[in-house]
$ cat model01.cif   # mmCIF, C-alpha atoms and all ligand atoms
data_coords
#
loop_
_atom_site.label_atom_id
_atom_site.label_comp_id
_atom_site.auth_asym_id
_atom_site.auth_seq_id
_atom_site.Cartn_x
_atom_site.Cartn_y
_atom_site.Cartn_z
CA MET A 257 100.26 86.88 117.02
CA ASN A 258 103.51 87.15 118.84
CA TYR A 259 104.92 90.53 119.90
CA GLU A 260 107.87 89.39 121.97
CA LYS A 261 110.63 91.14 120.01
CA SER A 262 108.51 94.25 119.46
CA ASN A 263 107.86 94.46 123.18
CA SER A 264 111.53 94.19 124.06
CA TYR A 265 112.52 96.79 121.45
CA PHE A 266 109.88 99.16 122.74
CA LYS A 267 111.02 98.72 126.31
CA LYS A 268 114.53 99.71 125.27
CA SER A 269 113.21 102.59 123.13
CA LEU A 270 111.35 104.03 126.08
CA GLU A 271 114.66 104.49 127.84
CA LEU A 272 116.48 106.07 124.91
CA VAL A 273 113.81 108.08 123.14
CA PRO A 274 110.98 110.21 124.62
CA GLY A 275 107.89 108.03 124.65
CA GLY A 276 109.83 105.46 122.65
CA VAL A 277 109.04 107.12 119.32
CA HIS A 278 110.25 109.79 116.91
CA SER A 279 106.73 110.95 116.00
CA PRO A 280 103.91 110.76 118.58
CA VAL A 281 101.18 108.89 116.68
CA ARG A 282 103.46 105.86 116.33
CA SER A 283 103.32 105.25 120.07
CA PHE A 284 99.97 103.36 120.25
CA LYS A 285 98.97 105.83 122.97
CA GLY A 286 95.59 104.82 124.42
CA MET A 287 95.95 101.27 123.10
CA PRO A 288 96.39 98.32 125.50
CA GLN A 289 99.23 97.13 123.32
CA THR A 290 102.81 98.22 122.66
CA PRO A 291 103.80 99.33 119.15
CA VAL A 292 104.68 96.67 116.60
CA PHE A 293 108.20 97.02 115.23
CA PHE A 294 108.60 96.40 111.52
CA GLU A 295 111.77 95.41 109.74
CA LYS A 296 110.77 95.49 106.10
CA ALA A 297 107.94 96.30 103.74
CA LYS A 298 106.98 95.42 100.20
CA GLY A 299 103.90 96.25 98.12
CA ALA A 300 100.85 96.35 100.40
CA TYR A 301 102.58 94.49 103.24
CA LEU A 302 104.53 95.35 106.37
CA HIS A 303 106.70 92.64 107.96
CA SER A 304 107.13 92.75 111.73
CA VAL A 305 110.30 91.88 113.63
CA ASP A 306 108.26 89.05 115.16
CA GLY A 307 107.80 87.39 111.79
CA HIS A 308 104.23 88.46 110.94
CA LYS A 309 103.04 89.97 107.68
CA TYR A 310 100.38 92.70 107.82
CA ILE A 311 98.23 94.23 105.10
CA ASP A 312 99.13 97.88 105.58
CA PHE A 313 96.48 100.60 105.48
CA CYS A 314 98.68 103.21 107.12
CA MET A 315 101.22 103.32 104.31
CA SER A 316 103.60 105.60 106.14
CA PHE A 317 100.70 108.07 106.63
CA GLY A 318 100.36 108.90 102.96
CA PRO A 319 103.52 109.04 100.85
CA LEU A 320 103.36 105.50 99.48
CA ILE A 321 100.68 105.76 96.82
CA LEU A 322 102.59 103.16 94.77
CA GLY A 323 102.89 100.78 97.72
CA HIS A 324 106.04 99.94 99.65
CA ALA A 325 109.34 99.65 97.79
CA ASP A 326 107.98 100.07 94.29
CA PRO A 327 110.39 98.22 91.95
CA GLU A 328 110.72 101.11 89.46
CA VAL A 329 111.46 103.63 92.19
CA GLU A 330 113.91 101.15 93.71
CA GLU A 331 115.77 100.77 90.43
CA GLU A 332 116.04 104.53 89.88
CA LEU A 333 117.20 104.94 93.49
CA HIS A 334 120.04 102.48 92.95
CA LYS A 335 121.19 104.52 89.96
CA ALA A 336 120.80 107.78 91.87
CA ILE A 337 122.84 106.54 94.83
CA SER A 338 125.67 105.41 92.58
CA ARG A 339 126.01 109.06 91.50
CA GLY A 340 126.38 110.39 95.07
CA TRP A 341 123.68 111.59 97.42
CA SER A 342 124.05 115.24 98.24
CA PHE A 343 125.80 117.92 96.27
CA GLY A 344 124.82 121.14 98.06
CA ALA A 345 124.90 122.70 94.61
CA CYS A 346 122.75 122.96 91.52
CA GLU A 347 121.83 119.65 89.83
CA PRO A 348 119.45 118.60 87.06
CA TYR A 349 117.25 116.21 89.12
CA SER A 350 115.22 118.80 91.00
CA LEU A 351 114.92 120.69 87.73
CA ALA A 352 113.35 117.64 86.12
CA LEU A 353 110.89 117.26 89.02
CA ALA A 354 110.01 120.98 88.99
CA GLU A 355 109.52 120.91 85.23
CA TYR A 356 107.30 117.83 85.38
CA ILE A 357 105.09 119.19 88.15
CA LEU A 358 104.72 122.62 86.62
CA SER A 359 103.84 121.08 83.26
CA GLN A 360 101.02 119.08 84.92
CA ILE A 361 99.72 121.74 87.30
CA PRO A 362 99.29 124.94 85.31
CA PHE A 363 98.32 127.24 88.18
CA ILE A 364 101.74 126.84 89.79
CA GLN A 365 104.34 128.93 88.03
CA GLN A 366 107.22 128.29 90.39
CA ILE A 367 108.03 125.74 93.05
CA ARG A 368 110.62 125.42 95.80
CA PHE A 369 111.53 122.09 97.34
CA VAL A 370 112.07 121.66 101.09
CA ASN A 371 112.39 118.60 103.33
CA SER A 372 108.98 118.10 104.90
CA GLY A 373 105.37 119.21 104.90
CA THR A 374 106.04 121.25 108.03
CA GLU A 375 108.81 123.16 106.28
CA ALA A 376 106.60 123.71 103.24
CA VAL A 377 103.91 125.25 105.45
CA MET A 378 106.45 127.39 107.36
CA THR A 379 107.72 128.74 104.07
CA ALA A 380 104.24 129.34 102.66
CA LEU A 381 103.21 131.27 105.79
CA ARG A 382 106.32 133.44 105.74
CA LEU A 383 105.86 134.14 102.05
CA CYS A 384 102.23 134.97 102.64
CA ARG A 385 103.08 137.47 105.36
CA GLY A 386 106.03 138.86 103.42
CA PHE A 387 104.02 139.37 100.26
CA THR A 388 100.96 140.93 101.92
CA ARG A 389 102.91 142.70 104.71
CA LYS A 390 100.14 141.63 107.07
CA SER A 391 100.36 139.39 110.16
CA LYS A 392 97.29 137.36 110.90
CA ILE A 393 96.73 133.86 109.58
CA VAL A 394 93.36 132.12 109.66
CA LYS A 395 93.32 128.36 110.13
CA PHE A 396 90.61 125.79 110.85
CA HIS A 397 90.04 123.57 113.85
CA GLY A 398 90.82 120.00 112.83
CA CYS A 399 93.23 120.87 110.01
CA TYR A 400 96.83 119.86 110.60
CA HIS A 401 99.62 121.82 109.01
CA GLY A 402 102.70 120.32 110.60
CA HIS A 403 104.32 121.32 113.86
CA THR A 404 105.43 124.90 113.26
CA ASP A 405 104.58 127.22 116.20
CA SER A 406 101.91 129.31 114.52
CA MET A 407 99.91 126.24 113.45
CA LEU A 408 99.75 124.59 116.89
CA ILE A 409 97.05 126.99 117.98
CA LYS A 410 93.48 126.41 119.11
CA ALA A 411 90.56 128.72 119.69
CA GLY A 412 90.81 130.42 123.08
CA SER A 413 88.42 129.55 125.87
CA GLY A 414 87.88 133.23 126.68
CA LEU A 415 86.58 135.92 124.34
CA ALA A 416 85.44 134.98 120.84
CA GLY A 417 88.30 135.46 118.41
CA THR A 418 91.05 134.79 120.94
CA SER A 419 93.55 131.98 120.43
CA GLU A 420 95.89 129.97 122.55
CA ALA A 421 98.70 127.52 121.93
CA SER A 422 97.82 123.82 121.83
CA SER A 423 101.37 122.91 122.81
CA LEU A 424 103.65 124.11 125.56
CA GLY A 425 106.57 126.18 124.37
CA ILE A 426 104.64 128.53 122.11
CA PRO A 427 104.51 132.15 123.29
CA PRO A 428 101.12 133.94 123.48
CA SER A 429 102.48 136.51 121.00
CA VAL A 430 102.51 133.77 118.36
CA ALA A 431 98.99 132.59 119.24
CA ASN A 432 97.75 136.17 118.88
CA ASP A 433 98.42 136.17 115.17
CA THR A 434 96.57 132.93 114.41
CA ILE A 435 92.79 132.94 114.20
CA VAL A 436 91.09 129.54 114.48
CA LEU A 437 87.68 128.93 112.89
CA GLU A 438 85.43 125.86 112.64
CA LEU A 439 85.34 124.03 109.32
CA GLY A 440 82.20 124.70 107.32
CA ASP A 441 81.22 127.70 109.49
CA PHE A 442 80.21 130.31 106.91
CA SER A 443 79.10 132.91 109.43
CA GLY A 444 82.26 132.58 111.52
CA LEU A 445 84.25 133.12 108.36
CA GLU A 446 82.28 136.23 107.34
CA GLU A 447 82.54 137.67 110.82
CA CYS A 448 86.27 137.05 110.96
CA PHE A 449 86.88 138.91 107.72
CA GLN A 450 84.60 141.76 108.79
CA LYS A 451 86.50 142.13 112.01
CA PHE A 452 90.09 141.43 110.98
CA GLY A 453 90.08 141.53 107.15
CA ARG A 454 92.57 144.38 107.00
CA ASP A 455 95.11 142.38 109.03
CA ILE A 456 94.63 138.94 107.50
CA ALA A 457 97.72 137.90 105.54
CA GLY A 458 96.14 134.65 104.50
CA VAL A 459 93.91 131.67 105.12
CA ILE A 460 95.39 128.19 105.26
CA ILE A 461 93.21 125.11 104.90
CA GLU A 462 93.43 121.47 103.96
CA PRO A 463 90.93 121.54 101.08
CA LEU A 464 90.18 117.92 101.99
CA PRO A 465 90.79 117.83 105.75
CA ALA A 466 92.31 114.41 106.47
CA ASN A 467 94.19 114.77 109.73
CA TYR A 468 91.35 114.70 112.26
CA GLY A 469 89.23 112.12 110.60
CA LEU A 470 88.25 112.74 107.00
CA LEU A 471 86.05 115.83 106.87
CA PRO A 472 85.05 116.59 103.26
CA GLN A 473 83.90 120.20 102.88
CA GLU A 474 81.22 121.71 100.71
CA PRO A 475 82.87 123.25 97.65
CA ALA A 476 80.85 126.42 98.39
CA PHE A 477 82.77 126.86 101.66
CA LEU A 478 86.13 126.76 99.92
CA GLN A 479 84.80 129.04 97.19
CA ARG A 480 83.67 131.55 99.80
CA ILE A 481 87.16 131.52 101.34
CA ARG A 482 88.58 132.16 97.88
CA GLN A 483 86.26 135.15 97.36
CA LEU A 484 86.90 136.66 100.78
CA THR A 485 90.67 136.33 100.50
CA LEU A 486 90.57 138.00 97.08
CA SER A 487 88.43 140.90 98.22
CA ASN A 488 90.55 141.48 101.33
CA ASP A 489 93.99 141.30 99.68
CA SER A 490 94.73 138.13 101.63
CA LEU A 491 96.26 134.99 100.18
CA LEU A 492 94.70 131.56 100.07
CA ILE A 493 97.03 128.69 100.94
CA PHE A 494 95.85 125.18 100.14
CA ASP A 495 97.76 122.68 102.23
CA GLU A 496 97.72 119.70 99.90
CA VAL A 497 100.38 117.70 101.72
CA ILE A 498 97.94 114.76 101.87
CA SER A 499 95.49 115.54 99.07
CA GLY A 500 98.09 116.59 96.50
CA PHE A 501 98.74 113.81 93.95
CA ARG A 502 96.31 111.68 95.98
CA VAL A 503 92.81 112.68 94.88
CA GLY A 504 94.23 113.25 91.40
CA PHE A 505 97.48 114.74 90.13
CA GLN A 506 96.30 118.31 90.71
CA GLY A 507 94.91 117.51 94.14
CA MET A 508 91.80 119.27 95.41
CA SER A 509 92.73 122.49 93.60
CA GLY A 510 92.27 120.65 90.31
CA GLU A 511 89.23 118.73 91.47
CA LEU A 512 87.36 121.83 92.67
CA GLN A 513 88.81 124.21 90.09
CA ILE A 514 89.73 126.62 92.85
CA THR A 515 93.11 128.27 92.39
CA PRO A 516 94.96 129.01 95.62
CA ASP A 517 97.71 131.64 95.72
CA LEU A 518 100.11 129.20 97.33
CA VAL A 519 99.98 125.44 97.65
CA THR A 520 102.02 123.13 99.84
CA TYR A 521 102.93 119.56 99.02
CA GLY A 522 104.78 116.76 100.79
CA LYS A 523 104.17 113.06 101.37
CA ILE A 524 103.57 111.58 97.86
CA LEU A 525 105.85 114.18 96.31
CA GLY A 526 108.87 112.48 97.89
CA GLY A 527 107.66 108.94 97.23
CA GLY A 528 108.66 108.00 100.80
CA PHE A 529 111.68 110.29 101.05
CA PRO A 530 111.69 113.61 102.93
CA VAL A 531 110.40 116.14 100.40
CA GLY A 532 108.03 119.04 100.74
CA ALA A 533 107.33 121.92 98.38
CA VAL A 534 105.65 125.26 98.17
CA GLY A 535 104.36 126.47 94.84
CA GLY A 536 102.46 129.42 93.48
CA ARG A 537 102.41 132.41 91.19
CA LYS A 538 105.76 133.81 90.13
CA GLU A 539 105.12 137.27 91.59
CA ILE A 540 104.68 135.70 95.04
CA MET A 541 107.33 133.00 94.77
CA GLU A 542 109.95 135.55 93.74
CA TYR A 543 109.71 137.08 97.19
CA LEU A 544 111.83 134.11 98.33
CA ALA A 545 115.58 134.53 98.85
CA PRO A 546 117.86 134.98 96.95
CA LEU A 547 115.62 137.17 94.75
CA GLY A 548 113.42 138.54 97.50
CA ASN A 549 113.60 139.27 101.19
CA VAL A 550 111.64 136.30 102.49
CA TYR A 551 114.33 134.01 103.81
CA GLN A 552 114.28 130.25 103.41
CA ALA A 553 117.05 127.69 102.93
CA GLY A 554 117.96 124.02 103.43
CA THR A 555 121.22 122.03 103.52
CA LEU A 556 119.56 118.92 102.10
CA SER A 557 116.78 120.62 100.11
CA ALA A 558 116.25 119.11 96.66
CA ASN A 559 118.53 116.28 97.61
CA PRO A 560 119.12 114.30 94.39
CA VAL A 561 118.11 110.92 95.82
CA ALA A 562 114.82 112.26 97.18
CA MET A 563 114.20 114.13 93.93
CA ILE A 564 114.60 110.93 91.90
CA ALA A 565 112.26 109.04 94.23
CA GLY A 566 109.72 111.83 93.85
CA LEU A 567 110.06 112.15 90.10
CA THR A 568 109.82 108.42 89.47
CA THR A 569 106.77 108.26 91.74
CA VAL A 570 104.81 111.17 90.27
CA LYS A 571 105.56 110.09 86.69
CA LYS A 572 103.62 106.91 87.37
CA LEU A 573 100.50 108.86 88.40
CA THR A 574 98.64 108.72 85.09
CA PRO A 575 94.86 108.86 84.60
CA THR A 576 94.88 105.05 84.25
CA PHE A 577 96.79 104.79 87.52
CA TYR A 578 94.14 106.81 89.36
CA GLU A 579 91.37 104.80 87.77
CA GLU A 580 92.92 101.53 88.93
CA LEU A 581 93.61 102.92 92.39
CA GLY A 582 89.98 104.06 92.55
CA ASN A 583 88.81 100.55 91.65
CA HIS A 584 90.97 98.91 94.32
CA SER A 585 89.70 101.43 96.85
CA PHE A 586 86.06 100.86 95.94
CA ARG A 587 86.37 97.10 96.41
CA ILE A 588 88.28 97.42 99.69
CA LEU A 589 85.70 99.79 101.13
CA GLN A 590 82.87 97.47 100.10
CA ILE A 591 84.55 94.59 101.92
CA LEU A 592 85.24 96.63 105.07
CA GLN A 593 81.65 97.90 105.12
CA LYS A 594 80.29 94.38 104.74
CA TYR A 595 82.51 93.16 107.56
CA PHE A 596 81.41 95.92 109.95
CA ASN A 597 77.75 95.40 109.05
CA GLU A 598 78.02 91.77 110.10
CA GLN A 599 79.53 92.49 113.51
CA GLU A 600 76.96 93.20 116.18
CA TRP A 601 79.36 95.55 118.00
CA ALA A 602 80.37 97.42 114.84
CA LYS A 603 76.94 98.06 113.33
CA GLU A 604 77.31 101.78 114.02
CA VAL A 605 80.45 102.05 111.90
CA GLN A 606 80.38 104.56 109.09
CA LEU A 607 83.10 104.55 106.46
CA VAL A 608 83.86 107.98 105.10
CA SER A 609 85.97 107.92 101.97
CA ALA A 610 87.42 110.10 99.27
CA HIS A 611 89.31 108.42 96.45
CA SER A 612 91.94 106.23 98.13
CA LEU A 613 91.50 107.74 101.60
CA PHE A 614 89.11 106.34 104.15
CA TRP A 615 88.12 106.95 107.73
CA ILE A 616 86.40 104.55 110.10
CA THR A 617 83.90 106.50 112.18
CA LEU A 618 80.42 106.09 113.68
CA GLY A 619 76.82 107.09 113.03
CA SER A 620 75.04 107.94 109.82
CA ASN A 621 75.20 111.74 109.75
CA PRO A 622 77.73 113.48 107.54
CA ILE A 623 80.66 114.74 109.62
CA GLN A 624 82.12 118.05 108.49
CA ASN A 625 83.81 119.40 111.57
CA VAL A 626 85.51 118.16 114.71
CA GLN A 627 82.51 118.86 116.94
CA GLN A 628 80.38 116.42 114.96
CA ILE A 629 82.72 113.49 115.59
CA PRO A 630 80.99 110.96 117.91
CA ALA A 631 82.58 110.97 121.35
CA ASP A 632 82.58 107.18 121.67
CA LEU A 633 84.66 106.71 118.51
CA PRO A 634 88.01 106.03 120.25
CA LEU A 635 86.51 103.17 122.23
CA VAL A 636 84.99 101.43 119.20
CA PHE A 637 88.08 102.16 117.16
CA GLN A 638 90.28 100.53 119.77
CA ARG A 639 88.37 97.28 119.35
CA ILE A 640 88.58 97.49 115.56
CA PHE A 641 92.28 98.28 115.65
CA LEU A 642 93.10 95.36 117.94
CA GLU A 643 90.92 92.92 116.02
CA PHE A 644 92.46 93.95 112.72
CA LEU A 645 95.95 93.70 114.18
CA ALA A 646 95.22 90.17 115.36
CA LYS A 647 94.03 89.33 111.84
CA GLY A 648 97.20 90.73 110.26
CA ILE A 649 95.70 94.04 109.08
CA TYR A 650 97.52 97.19 110.15
CA LEU A 651 95.66 100.48 110.63
CA ALA A 652 97.15 103.73 111.88
CA PRO A 653 96.95 103.34 115.68
CA ASN A 654 94.58 106.25 116.29
CA ALA A 655 90.86 106.83 115.73
CA TYR A 656 91.42 110.22 114.09
CA GLU A 657 93.92 109.09 111.48
CA VAL A 658 92.70 108.19 108.00
CA GLY A 659 93.48 104.98 106.12
CA PHE A 660 95.52 105.01 102.93
CA ILE A 661 95.08 102.65 100.00
CA SER A 662 97.89 102.22 97.48
CA HIS A 663 98.07 100.92 93.96
CA ALA A 664 99.74 97.82 95.40
CA HIS A 665 96.47 96.92 97.16
CA HIS A 666 95.44 95.02 94.04
CA GLN A 667 93.09 92.05 93.61
CA GLU A 668 95.41 89.51 95.22
CA VAL A 669 95.68 91.66 98.34
CA ILE A 670 91.94 92.32 98.29
CA ASP A 671 91.29 88.55 98.26
CA GLU A 672 93.72 88.16 101.12
CA LEU A 673 91.98 90.95 103.05
CA GLU A 674 88.66 89.17 102.64
CA LYS A 675 90.17 85.93 103.82
CA ARG A 676 91.81 87.48 106.86
CA LEU A 677 88.72 89.40 107.91
CA TRP A 678 86.42 86.39 108.01
CA GLU A 679 88.99 83.85 109.19
CA LYS A 680 88.36 82.57 112.69
C1 LIG A 701 101.53 115.47 107.07
C2 LIG A 701 101.03 116.85 106.90
C3 LIG A 701 101.83 117.97 107.19
C4 LIG A 701 103.18 117.85 107.83
O1 LIG A 701 104.09 117.19 107.01
P1 LIG A 701 105.40 116.56 107.69
O2 LIG A 701 106.17 116.03 106.52
O3 LIG A 701 104.94 115.52 108.63
O4 LIG A 701 106.11 117.68 108.36
C5 LIG A 701 101.32 119.22 106.91
N1 LIG A 701 100.10 119.37 106.37
C6 LIG A 701 99.31 118.34 106.10
C7 LIG A 701 97.97 118.56 105.47
C8 LIG A 701 99.74 117.03 106.36
O5 LIG A 701 98.92 116.00 106.11
#

$ encode --input "model01.cif" --output "structure tokens"
Amino acid sequence: MNYEKSNSYFKKSLELVPGGVHSPVRSFKGMPQTPVFFEKAKGAYLHSVDGHKYIDFCMSFGPLILGHADPEVEEELHKAISRGWSFGACEPYSLALAEYILSQIPFIQQIRFVNSGTEAVMTALRLCRGFTRKSKIVKFHGCYHGHTDSMLIKAGSGLAGTSEASSLGIPPSVANDTIVLELGDFSGLEECFQKFGRDIAGVIIEPLPANYGLLPQEPAFLQRIRQLTLSNDSLLIFDEVISGFRVGFQGMSGELQITPDLVTYGKILGGGFPVGAVGGRKEIMEYLAPLGNVYQAGTLSANPVAMIAGLTTVKKLTPTFYEELGNHSFRILQILQKYFNEQEWAKEVQLVSAHSLFWITLGSNPIQNVQQIPADLPLVFQRIFLEFLAKGIYLAPNAYEVGFISHAHHQEVIDELEKRLWEK
């Protein structure tokens, strides 16, 4: 593989852009290799500026459940663009998307569209605090909820129950109102509610944590959070920015039959365009401006082009679609497992998967929280990543990111994957 053009682009980027990237995980940090630059993408493939074609298992970190540049979405986008691309006024396209989603997900009575998952979470947290008139938010170590101040918080190193910022630039006063617990820790959860229940506005969790490896939780843990939030007049926020429309149309809420008070979406909802959303019961959602006193707004919110991309995408997510996607995923995981089993150096590899998400990790024990992740994972992952890259298979460039399979990873691509893996 040749990386000449990529290398020269990255060198220039480093001068113009901090770290050469506009989102940190793209930087190949910790890899003895500069980032590959891509110039186009189609179906399951990314095409690099150096003329190579990669089978993509990063898929823009989640939105592209249909694959890159789906022809139907493309056609609708052409029509949408010919009508103009931002009105800053009411239009029927977001209405159609809202109507479709609410018709398919009965526990959401109202939805508001924003421009990213981060914004969706910010809005959900403000709503949660506005509705309950309480301040503290409980989150879990290893769950990612975007880059808003109050979510970039880790457990403090001092007294139990203290928190500190995990990024510079976040005042201690913000950290004070976020409580961080370990995933799957029932007793920590009970203790937290005993101690702070009166002040807890809400609990936010990825019901299928997929941002620090893939850490499937016991349904009983999520059920216990639901009970405790109910009995303490706190809200439950499911952050389904990854799991929504991915593990099924209704996300984990539908799969587990647990109804959160608020749910956040992003990624798939925009079909590759910047869209996020917060949804929930009407009595809570109506706290949002202009009806209520919880302020939220956006110049480009519900942008008609993004709405059409989202609507066309989610309309394709039928039960048959999920079944086919599940079949592709099953075959791909079988092949990857077989490959790792055959490599002396990769015998320890464990593939954790849920529907069309997978995570390459080590060992044979189930991994449910960050502390259980084997410490030598980054080293083994680095070898896998570089080997795959050399074979024309692109993974997210970080051991703690999950892999994404799309509907475009069909049999032809699966055959090609097999060929590339075993090719000398
Ligand atoms: C990606 C993600 C976010 C942040 O979304 P952005 O669009 O990157 O701001 C929030 N929560 C979860 C669960 C995510 O996976």

$ closest_atom_pairs --input "model01.cif" --of "chain A" --to "ligand LIG 701 (chain A)" --cutoff "6 Å" --atoms "all atoms listed in the file" --output "Markdown table"
| residue | atom | partner | partner_atom | distance |
| --- | --- | --- | --- | --- |
| A:Ser372 | CA | A:LIG701 | O2 | 3.8 |
| A:Gly373 | CA | A:LIG701 | O1 | 3.2 |
| A:Thr374 | CA | A:LIG701 | O4 | 3.6 |
| A:Tyr400 | CA | A:LIG701 | C6 | 5.4 |
| A:His401 | CA | A:LIG701 | N1 | 3.6 |
| A:Gly402 | CA | A:LIG701 | C4 | 3.7 |
| A:Glu462 | CA | A:LIG701 | C7 | 5.6 |
| A:Asp495 | CA | A:LIG701 | C7 | 5.2 |
| A:Glu496 | CA | A:LIG701 | C7 | 5.7 |
| A:Val497 | CA | A:LIG701 | C7 | 4.5 |
| A:Ile498 | CA | A:LIG701 | O5 | 4.5 |
| A:Gly522 | CA | A:LIG701 | O2 | 5.9 |

$ closest_residue --input "model01.cif" --among "A:Leu618, A:Glu674, A:Asn625, A:Ser316" --to "Arg282 (chain A)" --atoms "only C-alpha atoms"
A:Ser316

$ residues_around --input "model01.cif" --residues "region 360-367 of chain A" --least-positions-apart "6" --cutoff "9 Å" --atoms "all atoms listed in the file" --output "MDAnalysis selection string"
chainID A and resid 354 505:506 510 515:519 533:538 541:542

$ atom_distance --input "model01.cif" --atom1 "CA of Gly398 (chain A)" --atom2 "CA of His324 (chain A)"
28.4 Å

$ closest_residue --input "model01.cif" --among "A:Leu607, A:Ala380, A:Val370, A:Ile591" --to "Phe494 (chain A)" --atoms "all atoms listed in the file"
A:Ala380

$ atom_distance --input "model01.cif" --atom1 "CA of Lys680 (chain A)" --atom2 "CA of Gln593 (chain A)"
18.4 Å

$ closest_residue --input "model01.cif" --among "A:Lys261, A:His611, A:Arg676, A:Lys392" --to "Val430 (chain A)" --atoms "all atoms listed in the file"
A:Lys392

$ atom_distance --input "model01.cif" --atom1 "CA of Lys268 (chain A)" --atom2 "CA of Thr290 (chain A)"
12.1 Å
